[in-house]
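Taking it in order: structure first as structure tokens, then the write-up.
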Amino acid sequence: MRNLAGQFRALVMAAAVGFAPAVYAADTTIPATPEAGTFKIGIEPWLGYGQWHVAEAKGLFKANGLSDVQIVNFAEDKDINAALASGQLDAANIATHTAMGMVAAGLPVKIVLLLDVSMTADAMIAGNDVASVADLKGKQVAFEEGTTSDILLKYALAKNGMSIADVQPVPMPAADAGSALIAGQVPVAVTYEPYLTAARAQNKDVKLLFTAGEDPGLISDVFVVRDEVIKSRPGQVLAMIKTWDAALKAYNADTPDGRAIISKAVGSSVEDLNTAFDGVRYYTLAENKDALTGEFSTKTFADVEAAAKNAGLLQADVTPEQMIDPSFVKAAK
């Protein structure tokens, strides 16, 4: 899902009490064979997490030594956040800015894998009367507050020397923002797939004014694991990362089949999601080796943090050193 839920702060603080201090897998050798037992991951119906569904369909968890991976489905961010905070999950698939909010609230988790980044799956759209972000000054902009659309809008404004005070916000659900533009209720809308494609299909004059791809990773998803699990079951974590990479290789080898598996899992048709698939970039193991110690850590992380703060979705500082553990992608072959 594309929403950020912030209501779990109190639960996180309570659940964090009693957790062991952060222990990095780099402190010891990561076992090549995963530990026995169940590994539970939380997931929502977003195609960015789709390679786990490919892995399940093709038996790739067992192929990497994981005998019992349970994919637990959630409908809303607040529920997956609460389950992770209370220890009901070992790991979760969440947006980068959501992970920042968790850590800022005291939940001991680490980013161990960059799953995907939105390139054109999140965007600002407008008709012919708006040619650039600078043209937004004084205009109405439809977007859903507290979501990736909120982050993207405020990032685009800041990049062009503006702020939310320079436009007229029109808060509404992302599903309605594109329709409001088509109906002439607003000149600009910020939304995401599949609503972008639906709006452009209704009016050929609608164009992408600013996309998440302007800063790849600004709108992105990560795989986070609780510190206690990193300490006690590092072999399982490593096997999960190997499984993601194996699933992505299978997806790239037969993309129509992979998209069919993922579309079924998230409850949509391939036809409805094809444009969304095209607008998302999945990250391989090799790309993670570079990203988690390179640009994602040194540049993108700061951009996401600043954008989340600017959107009022993050109230405390977090650092890459505090949040990112690249040990597993380094160890994976």
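We name chains A, B, ... following the order of the structure tokens; residues begin at 1 in each chain, and ligands are numbered from 1 as shown.
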
Distance query Lys299 (chain A) at most 12 Å, only C-alpha atoms, self and fewer than 6 positions along chain excluded, as a ChimeraX atom specification: /A:215-218,291-293,305-306,319-320

Taking N, CA, C and O atoms for each residue, export the selection above as an mmCIF file, in the first residue's frame.
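The resulting again-v6.cif:
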```cif
data_model
loop_
_atom_site.group_PDB
_atom_site.id
_atom_site.type_symbol
_atom_site.label_atom_id
_atom_site.label_comp_id
_atom_site.auth_asym_id
_atom_site.auth_seq_id
_atom_site.Cartn_x
_atom_site.Cartn_y
_atom_site.Cartn_z
ATOM 1 N N ASP A 215 14.168 11.347 -8.748
ATOM 2 C CA ASP A 215 15.128 10.980 -7.698
ATOM 3 C C ASP A 215 14.863 9.514 -7.354
ATOM 4 O O ASP A 215 14.158 9.207 -6.393
ATOM 5 N N PRO A 216 15.419 8.583 -8.155
ATOM 6 C CA PRO A 216 15.134 7.158 -7.936
ATOM 7 C C PRO A 216 15.420 6.732 -6.497
ATOM 8 O O PRO A 216 16.528 6.931 -5.999
ATOM 9 N N GLY A 217 14.407 6.180 -5.866
ATOM 10 C CA GLY A 217 14.535 5.770 -4.474
ATOM 11 C C GLY A 217 13.742 6.651 -3.534
ATOM 12 O O GLY A 217 13.476 6.266 -2.386
ATOM 13 N N LEU A 218 13.358 7.843 -3.988
ATOM 14 C CA LEU A 218 12.546 8.720 -3.147
ATOM 15 C C LEU A 218 11.280 7.994 -2.713
ATOM 16 O O LEU A 218 10.879 8.040 -1.551
ATOM 17 N N ALA A 291 23.997 -0.367 -3.955
ATOM 18 C CA ALA A 291 23.095 0.649 -3.426
ATOM 19 C C ALA A 291 23.196 0.827 -1.914
ATOM 20 O O ALA A 291 23.257 1.960 -1.411
ATOM 21 N N LEU A 292 23.216 -0.278 -1.166
ATOM 22 C CA LEU A 292 23.147 -0.168 0.288
ATOM 23 C C LEU A 292 24.398 0.435 0.909
ATOM 24 O O LEU A 292 24.368 0.913 2.045
ATOM 25 N N THR A 293 25.496 0.400 0.175
ATOM 26 C CA THR A 293 26.716 1.059 0.670
ATOM 27 C C THR A 293 27.087 2.239 -0.217
ATOM 28 O O THR A 293 28.110 2.883 0.007
ATOM 29 N N GLU A 305 14.524 11.147 3.845
ATOM 30 C CA GLU A 305 14.343 11.688 5.193
ATOM 31 C C GLU A 305 13.860 13.133 5.140
ATOM 32 O O GLU A 305 12.908 13.513 5.839
ATOM 33 N N ALA A 306 14.501 13.946 4.302
ATOM 34 C CA ALA A 306 14.112 15.352 4.189
ATOM 35 C C ALA A 306 12.686 15.492 3.663
ATOM 36 O O ALA A 306 11.904 16.315 4.160
ATOM 37 N N THR A 319 19.571 7.887 10.794
ATOM 38 C CA THR A 319 20.784 7.870 9.985
ATOM 39 C C THR A 319 20.908 6.539 9.251
ATOM 40 O O THR A 319 20.366 5.518 9.697
ATOM 41 N N PRO A 320 21.639 6.516 8.130
ATOM 42 C CA PRO A 320 21.882 5.252 7.431
ATOM 43 C C PRO A 320 22.576 4.236 8.328
ATOM 44 O O PRO A 320 22.263 3.041 8.292
#
```

All alpha helix (DSSP H) residues (DSSP, backbone) inside region 237-283 of chain A, as a count of residues only: 38

Of the listed residues A:Glu44, A:Asp116, A:Asp90, A:Asp135, that which approaches Glu76 (chain A) most closely, counting only C-alpha atoms: A:Glu44

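The shortest atom-to-atom distance to Glu145 (chain A), with only C-alpha atoms taken into account, belongs to A:Met172 out of A:Met172, A:Leu66, A:Ala36, A:Ala126.
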
Can you tell me, as a compact mmCIF listing (two decimals) with C-alpha atoms, in the first residue's frame, what residues are no more than 10 Å from Ala180 (chain A) when counting only C-alpha atoms, ignoring any on the same chain fewer than 3 positions away?
```
# COMPACT_ATOMS: atom_id res chain seq x y z
CA VAL A 141 -3.34 20.48 -6.39
CA ALA A 142 -5.27 17.31 -5.54
CA VAL A 170 -6.99 19.89 -2.21
CA MET A 172 -8.59 13.69 -1.35
CA ALA A 175 -8.08 7.06 -6.23
CA ASP A 176 -10.05 10.29 -6.75
CA ALA A 177 -7.24 12.74 -7.55
CA ALA A 183 -13.40 16.48 -14.45
CA GLY A 184 -11.76 19.91 -14.45
CA GLN A 185 -12.10 20.31 -10.68
CA VAL A 186 -8.35 20.84 -10.28
CA PRO A 187 -5.58 21.62 -12.79
CA VAL A 188 -3.02 19.29 -11.17
CA ALA A 189 -3.15 15.95 -9.35
CA ALA A 199 -6.51 9.34 -15.95
```

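Between Met100 (chain A) and the candidates A:Glu214, A:Asp290, A:Glu56, A:Asp221, the tightest atom-to-atom separation, counting only C-alpha atoms, involves A:Asp221.
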
Those in region 28-109 of chain A with strand (DSSP E) from DSSP, as a VMD selection string: chain A and resid 38 to 43 68 to 73 91 to 95 109
